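Asks: Input file: start10.cif. Contents: mmCIF, C-alpha atoms and all ligand atoms.
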```cif
data_input
#
loop_
_atom_site.label_atom_id
_atom_site.label_comp_id
_atom_site.auth_asym_id
_atom_site.auth_seq_id
_atom_site.Cartn_x
_atom_site.Cartn_y
_atom_site.Cartn_z
CA MET A 1 -17.36 6.31 -19.39
CA ILE A 2 -14.76 3.53 -19.34
CA GLU A 3 -14.56 1.48 -22.51
CA THR A 4 -14.46 -2.26 -22.00
CA ILE A 5 -11.53 -4.45 -22.96
CA ASP A 6 -11.58 -7.92 -24.44
CA ILE A 7 -10.33 -10.37 -21.84
CA LYS A 8 -9.75 -14.05 -22.50
CA ILE A 9 -11.11 -15.79 -19.41
CA GLY A 10 -9.45 -18.99 -18.27
CA GLN A 11 -10.39 -21.25 -15.39
CA THR A 12 -8.38 -23.17 -12.82
CA ALA A 13 -8.87 -26.95 -13.03
CA LYS A 14 -9.48 -27.13 -9.28
CA SER A 15 -10.15 -24.27 -6.86
CA ARG A 16 -7.92 -24.13 -3.75
CA ILE A 17 -10.48 -22.23 -1.70
CA ASN A 18 -11.19 -25.20 0.57
CA GLU A 19 -7.59 -24.99 1.79
CA LEU A 20 -8.21 -21.52 3.23
CA ASP A 21 -9.02 -21.27 6.95
CA PHE A 22 -11.19 -18.13 6.99
CA ASP A 23 -10.81 -17.90 10.79
CA ASN A 24 -7.06 -17.75 10.63
CA ILE A 25 -5.74 -15.87 7.61
CA PRO A 26 -2.08 -14.83 7.64
CA PHE A 27 -0.95 -11.72 5.75
CA GLY A 28 0.42 -12.26 2.27
CA ARG A 29 0.96 -16.00 2.10
CA VAL A 30 -2.19 -17.43 0.51
CA PHE A 31 -3.07 -16.57 -3.09
CA SER A 32 -6.44 -16.80 -4.80
CA ASP A 33 -7.20 -19.04 -7.77
CA HIS A 34 -6.65 -16.64 -10.68
CA MET A 35 -4.58 -13.73 -11.93
CA PHE A 36 -4.95 -11.14 -14.66
CA VAL A 37 -2.11 -10.75 -17.15
CA ALA A 38 -1.46 -8.21 -19.94
CA GLU A 39 1.62 -7.70 -22.08
CA PHE A 40 3.26 -4.61 -23.55
CA ASP A 41 5.05 -5.07 -26.86
CA ASN A 42 5.59 -2.93 -29.95
CA GLY A 43 4.24 0.09 -28.12
CA VAL A 44 0.84 -1.37 -27.15
CA TRP A 45 -0.77 -3.22 -24.26
CA LYS A 46 -2.32 -6.46 -25.50
CA ASN A 47 -3.15 -10.13 -24.75
CA PHE A 48 -5.49 -9.51 -21.81
CA GLU A 49 -6.11 -12.72 -19.99
CA ILE A 50 -7.41 -14.17 -16.73
CA ARG A 51 -5.66 -17.41 -16.01
CA PRO A 52 -4.99 -19.69 -13.06
CA TYR A 53 -2.57 -18.24 -10.51
CA GLU A 54 0.70 -19.90 -11.45
CA PHE A 55 4.47 -19.45 -11.53
CA LEU A 56 5.99 -17.21 -14.19
CA SER A 57 8.71 -18.43 -16.46
CA LEU A 58 11.55 -15.90 -16.87
CA SER A 59 14.88 -15.90 -18.65
CA PRO A 60 17.86 -15.34 -16.29
CA ALA A 61 18.69 -12.33 -18.49
CA ASN A 62 15.31 -10.69 -17.85
CA THR A 63 16.11 -7.08 -16.94
CA ILE A 64 13.72 -7.03 -13.99
CA LEU A 65 15.93 -9.51 -12.16
CA HIS A 66 18.91 -7.17 -12.46
CA TYR A 67 17.83 -3.53 -12.56
CA GLY A 68 14.47 -3.50 -10.81
CA GLN A 69 12.41 -1.63 -13.39
CA SER A 70 9.04 -2.32 -11.79
CA VAL A 71 6.16 -0.62 -10.02
CA PHE A 72 3.34 -1.99 -7.91
CA GLU A 73 0.19 -1.08 -6.02
CA GLY A 74 -1.79 -2.40 -3.09
CA MET A 75 -5.50 -2.05 -2.51
CA LYS A 76 -8.23 -4.04 -0.81
CA ALA A 77 -11.56 -5.61 -1.75
CA TYR A 78 -14.25 -6.24 0.85
CA LYS A 79 -17.73 -7.69 1.09
CA ASN A 80 -20.29 -5.16 2.27
CA LEU A 81 -23.17 -6.05 4.58
CA ASN A 82 -25.26 -7.09 1.55
CA GLY A 83 -22.54 -9.54 0.51
CA GLU A 84 -21.54 -7.40 -2.51
CA ALA A 85 -17.87 -7.20 -3.53
CA ILE A 86 -16.42 -3.70 -3.34
CA LEU A 87 -13.04 -2.11 -3.93
CA PHE A 88 -11.86 0.85 -1.87
CA ARG A 89 -10.66 3.79 -4.01
CA PRO A 90 -9.20 1.75 -6.90
CA LEU A 91 -8.93 4.80 -9.18
CA ASP A 92 -6.54 6.41 -6.72
CA ASN A 93 -4.31 3.36 -6.99
CA PHE A 94 -4.55 3.53 -10.77
CA ILE A 95 -3.42 7.17 -10.76
CA ARG A 96 -0.54 6.42 -8.38
CA LEU A 97 0.56 3.38 -10.40
CA ASN A 98 0.89 5.50 -13.51
CA LYS A 99 2.72 8.22 -11.56
CA SER A 100 5.22 5.61 -10.35
CA ALA A 101 5.42 4.16 -13.89
CA ARG A 102 6.36 7.54 -15.39
CA ARG A 103 9.26 7.89 -12.94
CA MET A 104 10.49 4.38 -13.70
CA CYS A 105 10.23 4.78 -17.50
CA ILE A 106 7.44 2.20 -17.67
CA PRO A 107 4.57 2.70 -20.16
CA GLU A 108 1.42 3.94 -18.46
CA LEU A 109 -1.73 1.83 -18.34
CA PRO A 110 -5.00 2.98 -19.88
CA GLU A 111 -7.75 3.26 -17.26
CA GLU A 112 -9.95 0.70 -19.03
CA LEU A 113 -7.15 -1.87 -18.86
CA PHE A 114 -6.49 -1.35 -15.16
CA MET A 115 -10.14 -1.18 -14.13
CA GLY A 116 -11.31 -3.84 -16.62
CA GLY A 117 -8.70 -6.40 -15.55
CA LEU A 118 -9.23 -5.59 -11.89
CA THR A 119 -13.01 -5.89 -11.85
CA GLU A 120 -13.06 -9.10 -13.92
CA LEU A 121 -10.51 -10.69 -11.59
CA ILE A 122 -12.36 -9.70 -8.42
CA ARG A 123 -15.63 -11.01 -9.90
CA LYS A 124 -13.97 -14.27 -10.85
CA ASP A 125 -12.48 -14.85 -7.38
CA SER A 126 -15.12 -13.07 -5.30
CA GLN A 127 -15.58 -16.13 -3.08
CA TRP A 128 -12.02 -15.48 -1.86
CA ILE A 129 -13.04 -12.16 -0.25
CA PRO A 130 -13.11 -12.90 3.47
CA ASP A 131 -15.72 -11.19 5.63
CA ARG A 132 -14.53 -11.69 9.22
CA PRO A 133 -13.66 -8.42 11.02
CA GLY A 134 -10.15 -7.26 10.14
CA THR A 135 -9.90 -9.39 7.00
CA SER A 136 -10.02 -8.43 3.31
CA LEU A 137 -8.83 -9.45 -0.12
CA TYR A 138 -5.53 -7.68 -0.76
CA VAL A 139 -5.05 -6.84 -4.43
CA ARG A 140 -1.57 -6.54 -5.88
CA PRO A 141 -1.31 -5.00 -9.39
CA PHE A 142 2.25 -4.65 -10.70
CA ILE A 143 4.16 -3.95 -13.91
CA PHE A 144 7.63 -5.18 -14.63
CA ALA A 145 10.18 -4.96 -17.43
CA SER A 146 10.48 -8.19 -19.38
CA ASP A 147 13.21 -7.77 -22.01
CA ASP A 148 16.02 -10.30 -22.07
CA TYR A 149 18.92 -7.86 -22.20
CA ILE A 150 21.76 -7.07 -19.87
CA GLY A 151 22.47 -3.49 -20.95
CA ILE A 152 21.02 -0.48 -19.13
CA LYS A 153 18.01 1.01 -20.89
CA PRO A 154 14.26 1.01 -20.40
CA SER A 155 12.81 -2.32 -21.43
CA ASP A 156 10.81 -2.51 -24.66
CA THR A 157 8.45 -5.14 -23.25
CA TYR A 158 6.53 -5.34 -19.97
CA LYS A 159 4.00 -7.47 -18.14
CA PHE A 160 1.12 -6.11 -16.08
CA ILE A 161 -0.23 -8.64 -13.60
CA ILE A 162 -2.84 -8.50 -10.88
CA PHE A 163 -3.18 -11.22 -8.29
CA THR A 164 -5.08 -11.29 -5.03
CA CYS A 165 -4.52 -12.60 -1.58
CA PRO A 166 -6.98 -13.00 1.32
CA VAL A 167 -5.39 -11.32 4.34
CA GLY A 168 -5.75 -10.78 8.04
CA ALA A 169 -4.04 -7.99 9.96
CA TYR A 170 -0.61 -6.81 8.82
CA TYR A 171 0.24 -5.70 12.35
CA SER A 172 -1.58 -7.77 14.93
CA GLN A 173 -0.77 -5.34 17.74
CA PRO A 174 0.32 -1.72 18.26
CA VAL A 175 3.80 -1.21 16.85
CA ARG A 176 7.14 -0.09 18.24
CA VAL A 177 9.00 2.20 15.86
CA LYS A 178 12.44 3.80 15.89
CA ILE A 179 13.33 7.19 14.44
CA GLU A 180 16.12 6.43 11.94
CA THR A 181 18.89 9.01 11.67
CA GLU A 182 21.74 7.04 10.12
CA PHE A 183 20.31 5.39 7.01
CA SER A 184 18.10 7.11 4.44
CA ARG A 185 15.08 5.92 2.49
CA ALA A 186 14.72 8.72 -0.04
CA PHE A 187 16.23 11.95 -1.33
CA GLU A 188 14.79 14.94 -3.19
CA GLY A 189 14.84 14.15 -6.89
CA GLY A 190 14.90 10.42 -6.17
CA VAL A 191 12.16 7.80 -6.30
CA GLY A 192 10.78 8.00 -2.75
CA TYR A 193 7.27 8.87 -3.94
CA ALA A 194 7.16 5.95 -6.39
CA LYS A 195 5.89 2.55 -5.35
CA THR A 196 8.82 0.61 -6.70
CA GLY A 197 10.57 -2.43 -5.30
CA GLY A 198 13.97 -0.80 -4.74
CA ASN A 199 12.57 1.52 -2.08
CA TYR A 200 11.51 -1.51 -0.08
CA ALA A 201 14.70 -3.50 -0.74
CA ALA A 202 16.86 -0.60 0.47
CA SER A 203 14.88 -0.38 3.69
CA LEU A 204 15.41 -4.01 4.67
CA TYR A 205 18.87 -3.73 6.23
CA PRO A 206 18.19 -0.69 8.46
CA ALA A 207 14.81 -2.22 9.42
CA LYS A 208 16.53 -5.51 10.27
CA LEU A 209 18.96 -3.71 12.60
CA ALA A 210 16.02 -2.04 14.32
CA GLN A 211 14.09 -5.32 14.51
CA GLU A 212 17.07 -6.92 16.26
CA LYS A 213 16.50 -4.29 18.95
CA GLY A 214 12.82 -5.15 19.26
CA TYR A 215 11.28 -2.51 16.96
CA ASP A 216 8.73 -3.41 14.31
CA GLN A 217 9.55 -0.63 11.85
CA LEU A 218 11.47 2.56 11.31
CA ILE A 219 10.35 6.15 11.14
CA TRP A 220 12.35 7.49 8.20
CA THR A 221 13.73 11.00 8.35
CA ASP A 222 14.81 13.18 5.42
CA GLY A 223 17.93 11.92 3.69
CA LYS A 224 19.81 15.22 3.86
CA THR A 225 19.58 16.40 7.47
CA HIS A 226 17.68 13.62 9.31
CA GLN A 227 15.87 16.42 11.11
CA TYR A 228 12.42 15.93 9.62
CA ILE A 229 10.07 12.97 9.86
CA GLU A 230 8.96 11.45 6.56
CA GLU A 231 7.20 8.06 6.56
CA SER A 232 7.53 4.56 7.89
CA GLY A 233 8.33 2.19 5.01
CA THR A 234 4.99 0.38 5.35
CA MET A 235 2.79 3.41 6.06
CA ASN A 236 2.46 7.19 6.30
CA LEU A 237 2.65 8.67 9.80
CA MET A 238 0.39 10.92 11.83
CA PHE A 239 0.73 12.46 15.28
CA VAL A 240 -2.07 13.90 17.39
CA ILE A 241 -0.85 16.80 19.51
CA ASP A 242 -3.19 19.32 21.20
CA GLY A 243 -6.09 17.61 19.41
CA LYS A 244 -4.57 18.40 15.96
CA ILE A 245 -3.34 15.87 13.42
CA ILE A 246 0.18 16.65 12.29
CA THR A 247 1.66 14.86 9.28
CA ALA A 248 4.40 15.39 6.72
CA PRO A 249 3.31 16.59 3.27
CA THR A 250 3.72 14.05 0.47
CA ASP A 251 6.35 15.55 -1.76
CA ASP A 252 8.84 13.66 -3.89
CA THR A 253 10.30 11.65 -1.00
CA ILE A 254 7.08 10.33 0.54
CA LEU A 255 4.52 7.92 -0.86
CA LYS A 256 1.13 9.58 -1.40
CA GLY A 257 -0.91 7.13 0.65
CA VAL A 258 -4.55 6.50 -0.23
CA THR A 259 -5.37 5.56 3.37
CA ARG A 260 -3.50 8.69 4.47
CA ASP A 261 -5.72 10.83 2.26
CA SER A 262 -8.86 9.02 3.49
CA ALA A 263 -7.92 9.60 7.14
CA LEU A 264 -7.18 13.29 6.58
CA THR A 265 -10.36 13.80 4.55
CA LEU A 266 -12.50 12.27 7.30
CA ALA A 267 -10.73 14.23 10.03
CA ARG A 268 -11.19 17.54 8.20
CA ASP A 269 -14.83 16.69 7.54
CA TRP A 270 -15.36 16.22 11.29
CA GLY A 271 -13.71 19.57 12.02
CA ILE A 272 -10.47 18.14 13.36
CA GLU A 273 -7.60 20.47 12.58
CA VAL A 274 -5.00 18.95 10.26
CA GLU A 275 -1.52 20.35 9.72
CA GLU A 276 0.27 18.99 6.67
CA ARG A 277 3.72 20.44 7.08
CA LYS A 278 7.30 19.54 7.78
CA VAL A 279 7.44 17.68 11.11
CA ALA A 280 10.71 18.20 12.94
CA VAL A 281 12.14 15.31 14.92
CA ALA A 282 12.96 17.86 17.65
CA GLU A 283 9.32 18.92 17.86
CA ILE A 284 8.11 15.33 18.26
CA LEU A 285 10.79 14.56 20.84
CA GLU A 286 9.87 17.61 22.85
CA ALA A 287 6.19 16.67 22.73
CA LEU A 288 7.00 13.06 23.67
CA LYS A 289 9.08 14.19 26.66
CA ALA A 290 6.29 16.52 27.77
CA GLY A 291 3.69 13.72 27.38
CA LYS A 292 1.90 15.81 24.76
CA VAL A 293 1.72 13.24 21.97
CA GLN A 294 -1.85 12.01 22.47
CA GLU A 295 -1.71 9.56 19.57
CA ALA A 296 0.67 8.40 16.87
CA PHE A 297 -0.42 6.08 14.10
CA GLY A 298 0.45 4.81 10.69
CA THR A 299 -1.88 4.72 7.71
CA GLY A 300 -1.48 2.29 4.83
CA THR A 301 -3.42 -0.15 2.70
CA ALA A 302 -1.87 -3.20 4.34
CA ALA A 303 -1.61 -1.65 7.80
CA THR A 304 -4.94 0.32 7.61
CA ILE A 305 -4.68 2.32 10.85
CA ALA A 306 -1.76 1.00 12.90
CA HIS A 307 -1.48 2.37 16.42
CA ILE A 308 2.04 3.23 17.53
CA ALA A 309 2.74 2.04 21.06
CA GLU A 310 6.29 3.28 21.46
CA ILE A 311 8.76 5.54 19.65
CA GLY A 312 12.50 5.02 20.07
CA TYR A 313 15.15 7.69 19.53
CA ASP A 314 18.83 7.62 20.41
CA GLY A 315 18.49 4.69 22.82
CA VAL A 316 15.44 6.08 24.66
CA ASP A 317 11.95 4.63 24.19
CA TYR A 318 8.94 6.87 24.65
CA GLN A 319 5.64 5.21 25.56
CA LEU A 320 2.42 6.57 24.09
CA PRO A 321 -0.98 6.63 25.83
CA PRO A 322 -3.11 3.46 25.82
CA VAL A 323 -4.82 2.63 22.55
CA GLU A 324 -8.31 2.48 24.11
CA GLY A 325 -8.32 6.22 24.79
CA ARG A 326 -7.21 7.28 21.31
CA THR A 327 -10.27 9.06 20.04
CA VAL A 328 -8.95 10.31 16.69
CA SER A 329 -7.34 7.17 15.23
CA ASN A 330 -10.04 4.87 16.61
CA LYS A 331 -12.75 7.10 15.13
CA ILE A 332 -11.00 7.07 11.73
CA LEU A 333 -10.61 3.30 11.81
CA ALA A 334 -14.26 2.75 12.74
CA ALA A 335 -15.46 5.20 10.08
CA LEU A 336 -13.39 3.54 7.35
CA ASN A 337 -14.79 0.15 8.33
CA ASP A 338 -18.35 1.46 8.33
CA ILE A 339 -17.92 2.98 4.87
CA LYS A 340 -16.42 -0.24 3.48
CA LEU A 341 -19.21 -2.34 4.97
CA GLY A 342 -21.87 0.01 3.63
CA LYS A 343 -22.99 0.89 7.18
CA ALA A 344 -22.13 4.56 6.69
CA GLU A 345 -22.77 6.91 3.78
CA ASP A 346 -20.06 6.86 1.10
CA LYS A 347 -19.87 10.64 1.15
CA PHE A 348 -16.62 10.90 -0.80
CA ASN A 349 -17.36 8.27 -3.48
CA TRP A 350 -14.67 5.90 -2.29
CA ILE A 351 -16.58 2.67 -2.84
CA HIS A 352 -16.38 0.97 -6.22
CA LYS A 353 -18.90 -1.85 -6.55
CA VAL A 354 -17.52 -4.77 -8.51
C1 LIG B 1 0.57 -1.62 1.16
O1 LIG B 1 0.24 -1.09 2.20
O2 LIG B 1 -0.28 -1.96 0.32
C2 LIG B 1 1.96 -1.86 0.82
O3 LIG B 1 2.28 -2.04 -0.32
C3 LIG B 1 2.98 -1.92 1.88
C4 LIG B 1 3.44 -3.29 2.24
C5 LIG B 1 3.73 -3.24 3.68
C6 LIG B 1 2.54 -4.43 2.00
#
```
Here is the file; what I need is its structure written in the form of structure tokens.
Replies:
Amino acid sequence: MIETIDIKIGQTAKSRINELDFDNIPFGRVFSDHMFVAEFDNGVWKNFEIRPYEFLSLSPANTILHYGQSVFEGMKAYKNLNGEAILFRPLDNFIRLNKSARRMCIPELPEELFMGGLTELIRKDSQWIPDRPGTSLYVRPFIFASDDYIGIKPSDTYKFIIFTCPVGAYYSQPVRVKIETEFSRAFEGGVGYAKTGGNYAASLYPAKLAQEKGYDQLIWTDGKTHQYIEESGTMNLMFVIDGKIITAPTDDTILKGVTRDSALTLARDWGIEVEERKVAVAEILEALKAGKVQEAFGTGTAATIAHIAEIGYDGVDYQLPPVEGRTVSNKILAALNDIKLGKAEDKFNWIHKV
């Protein structure tokens, strides 16, 4: 049983919802009316408040601006066929946020704070949840250090904020990805598994070089040998070869994706064989050359199931079969949609009614 928390509820003077074109929602650029804010000071989380979405005021000496002590999450809210607001697997995001927080020396959140702030905020802005196919309300909880201090040490104070953002597709078409063997995203013992800003910042330059060559994203390989496939900075990766799903295990260099787990759980439930093991670049290249990669796709909250159209390696681009014939990834995508809409049984207890 989750205890409730006392939240001061504020109200925007004027809703901006009429400015939103529900038929044409970009990803990540429009923000809903309110946000939830909590503060950590003197060893406790306090001052829980829902207030209008607004700019933050920070001192230039705020440690977050210099040393990046922050963690974040991403999840989505939907409207089911009865028009009820639901969140998809929010407790998994809560667990992962605290796992990231521990690695970044950030105080963990109590469950009632995370879930209480989240549900109140979604209730407050429920009219911002879009219901056209492929749209959702993206939810961004994050915690950041807030001391004004320019020495290196964990901050004594923090802010936990949740804001939301109606979104359309992150990738509007199947993606072209390049296997990266020069730059590295993560190393054993590092922070690859944590959802922290630095992982994304470090990926920007290599991704930009690949984007200049027409790719949408990178496929990261292990930092030591570049011989094993890890993840793509915006999603986990899966390959379908001989009817089996093959994916890298989530250890300390790979983000433990919630959509990844959902896809694998469904596949196993349907009797599809899943191999979670090290995936050698050489193995994928051999399968690509032999035309044996039936499907490749990314899984992520923002990306949901993103079909991979083409994989580049060492100057050669390998085309994958047409998306229409991809039975595994299309079945997973359809099943996830049906569960979120309430059209299919929520067999694994993934739906959290707000
Ligand atoms: C997510 O999928 O929620 C992420 O945080 C990744 C980013 C591409 C938006």
Asks: Using all atoms listed in the file, which of A:Cys165, A:Ile106, A:Leu285, A:Leu118 sits nearest ligand LIG 1 (chain B)?
Replies: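 Among A:Cys165, A:Ile106, A:Leu285, A:Leu118, it is A:Cys165 that comes nearest to ligand LIG 1 (chain B).
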Asks: What's the 9 Å shell around Ala169 in chain A, counting all atoms listed in the file, without same-chain residues fewer than 4 positions away, as a ChimeraX atom specification?
Replies: /A:25-27,134-136,173,302-304
Asks: Which protein, DNA or RNA residues are at most 9 Å from (-0.8, 14.8, 15.2) in the file's coordinates when you count all atoms listed in the file, listed as a list in words?
Replies: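 Every polymer residue passing the test: Leu237, Met238, Phe239, Val240, Ile241, Asp242, Gly243, Lys244, Ile245, Ile246, Thr247, Val274, Glu275, Val293, Gln294, Glu295, Ala296 and Phe297 of chain A.
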Asks: Residues of chain A that have any atom at most 10 Å from an atom of ligand LIG 1 (chain B): could you tabulate them with the shortest-distance atom pair and the distance in Å to one decimal, using all atoms listed in the file, ordered by chain and increasing number, as a tab-separated table?
Replies:
```
residue	atom	partner	partner_atom	distance
A:Phe27	CA	B:LIG1	C6	8.9
A:Gly28	CA	B:LIG1	C6	8.1
A:Phe72	CA	B:LIG1	O3	7.7
A:Glu73	CA	B:LIG1	O3	6.1
A:Gly74	CA	B:LIG1	O2	3.8
A:Met75	CA	B:LIG1	O2	5.9
A:Lys76	CA	B:LIG1	O2	8.3
A:Asn93	CA	B:LIG1	O2	9.9
A:Tyr138	CA	B:LIG1	O2	7.8
A:Val139	CA	B:LIG1	O2	8.3
A:Arg140	CA	B:LIG1	O2	7.8
A:Tyr170	CA	B:LIG1	C5	7.6
A:Tyr171	CA	B:LIG1	C5	9.7
A:Lys195	CA	B:LIG1	O3	7.7
A:Thr196	CA	B:LIG1	O3	9.5
A:Gly197	CA	B:LIG1	O3	9.7
A:Tyr200	CA	B:LIG1	C4	8.6
A:Ser232	CA	B:LIG1	C5	9.6
A:Gly233	CA	B:LIG1	C5	7.2
A:Thr234	CA	B:LIG1	C5	4.2
A:Met235	CA	B:LIG1	O1	6.5
A:Asn236	CA	B:LIG1	O1	9.5
A:Gly257	CA	B:LIG1	O1	8.4
A:Val258	CA	B:LIG1	O1	9.3
A:Thr259	CA	B:LIG1	O1	8.8
A:Thr299	CA	B:LIG1	O1	8.3
A:Gly300	CA	B:LIG1	O1	4.6
A:Thr301	CA	B:LIG1	O1	3.8
A:Ala302	CA	B:LIG1	O1	3.7
A:Ala303	CA	B:LIG1	O1	5.9
A:Thr304	CA	B:LIG1	O1	7.6
```
Asks: Let me make sure I understand: among A:Asp222, A:Glu345, A:Glu180, A:Asn337, which one has the smallest atom-to-atom distance to Asp314 in chain A if we use all atoms listed in the file?
Replies: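 So, comparing all the options, the nearest one is A:Glu180.
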Asks: If I put a ball of radius 12 Å at (-10.5, -11.3, -22.0) in the file's coordinates, which residues poke into it when counting all atoms listed in the file, written as a ChimeraX atom specification?
Replies: /A:4-11,35-38,46-51,113,116-121
Asks: Just so I have it separately, write range 140-159 of chain A from the block I sent, keeping N, CA, C and O atoms, as a compact mmCIF listing (two decimals), in the first residue's frame.
Replies:
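Saved file out.txt follows:
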```txt
# COMPACT_ATOMS: atom_id res chain seq x y z
N ARG A 140 8.46 13.13 -18.26
CA ARG A 140 9.90 13.25 -17.99
C ARG A 140 10.14 13.60 -16.51
O ARG A 140 10.07 14.77 -16.13
N PRO A 141 10.37 12.59 -15.66
CA PRO A 141 10.80 12.85 -14.28
C PRO A 141 12.32 13.01 -14.28
O PRO A 141 13.03 12.28 -14.98
N PHE A 142 12.85 13.91 -13.49
CA PHE A 142 14.31 14.02 -13.38
C PHE A 142 14.71 14.61 -12.03
O PHE A 142 13.92 15.31 -11.39
N ILE A 143 15.92 14.31 -11.62
CA ILE A 143 16.46 14.83 -10.36
C ILE A 143 17.80 15.49 -10.68
O ILE A 143 18.61 14.92 -11.43
N PHE A 144 18.01 16.66 -10.15
CA PHE A 144 19.33 17.27 -10.38
C PHE A 144 19.86 17.95 -9.13
O PHE A 144 19.12 18.40 -8.26
N ALA A 145 21.19 17.98 -9.05
CA ALA A 145 21.90 18.62 -7.95
C ALA A 145 21.62 20.11 -7.99
O ALA A 145 21.56 20.70 -9.07
N SER A 146 21.48 20.73 -6.79
CA SER A 146 21.14 22.16 -6.86
C SER A 146 21.96 23.03 -5.90
O SER A 146 21.59 24.16 -5.62
N ASP A 147 23.10 22.50 -5.40
CA ASP A 147 23.95 23.36 -4.56
C ASP A 147 24.62 24.44 -5.41
O ASP A 147 24.94 24.20 -6.57
N ASP A 148 24.87 25.57 -4.80
CA ASP A 148 25.72 26.58 -5.44
C ASP A 148 27.11 26.37 -4.87
O ASP A 148 27.41 26.79 -3.74
N TYR A 149 27.96 25.69 -5.61
CA TYR A 149 29.29 25.33 -5.10
C TYR A 149 30.13 24.87 -6.27
O TYR A 149 29.65 24.08 -7.10
N ILE A 150 31.37 25.34 -6.35
CA ILE A 150 32.14 24.92 -7.52
C ILE A 150 33.21 23.86 -7.21
O ILE A 150 34.04 23.56 -8.06
N GLY A 151 33.18 23.29 -6.01
CA GLY A 151 34.07 22.17 -5.73
C GLY A 151 33.40 20.86 -6.15
O GLY A 151 32.20 20.82 -6.41
N ILE A 152 34.21 19.79 -6.19
CA ILE A 152 33.67 18.49 -6.60
C ILE A 152 33.27 17.69 -5.37
O ILE A 152 34.12 17.28 -4.60
N LYS A 153 31.98 17.50 -5.24
CA LYS A 153 31.43 16.62 -4.19
C LYS A 153 29.94 16.44 -4.50
O LYS A 153 29.37 17.26 -5.24
N PRO A 154 29.33 15.39 -3.96
CA PRO A 154 27.89 15.28 -4.19
C PRO A 154 27.18 16.48 -3.58
O PRO A 154 27.54 16.95 -2.50
N SER A 155 26.20 16.97 -4.28
CA SER A 155 25.43 18.12 -3.79
C SER A 155 24.69 17.75 -2.49
O SER A 155 24.40 16.57 -2.24
N ASP A 156 24.42 18.73 -1.67
CA ASP A 156 23.61 18.49 -0.48
C ASP A 156 22.13 18.71 -0.76
O ASP A 156 21.27 18.25 -0.02
N THR A 157 21.83 19.45 -1.84
CA THR A 157 20.43 19.74 -2.15
C THR A 157 20.12 19.30 -3.59
O THR A 157 21.02 19.27 -4.46
N TYR A 158 18.86 18.96 -3.81
CA TYR A 158 18.44 18.45 -5.13
C TYR A 158 17.03 18.92 -5.42
O TYR A 158 16.27 19.25 -4.49
N LYS A 159 16.66 18.89 -6.70
CA LYS A 159 15.27 19.10 -7.08
C LYS A 159 14.81 17.88 -7.88
O LYS A 159 15.58 17.35 -8.70
```
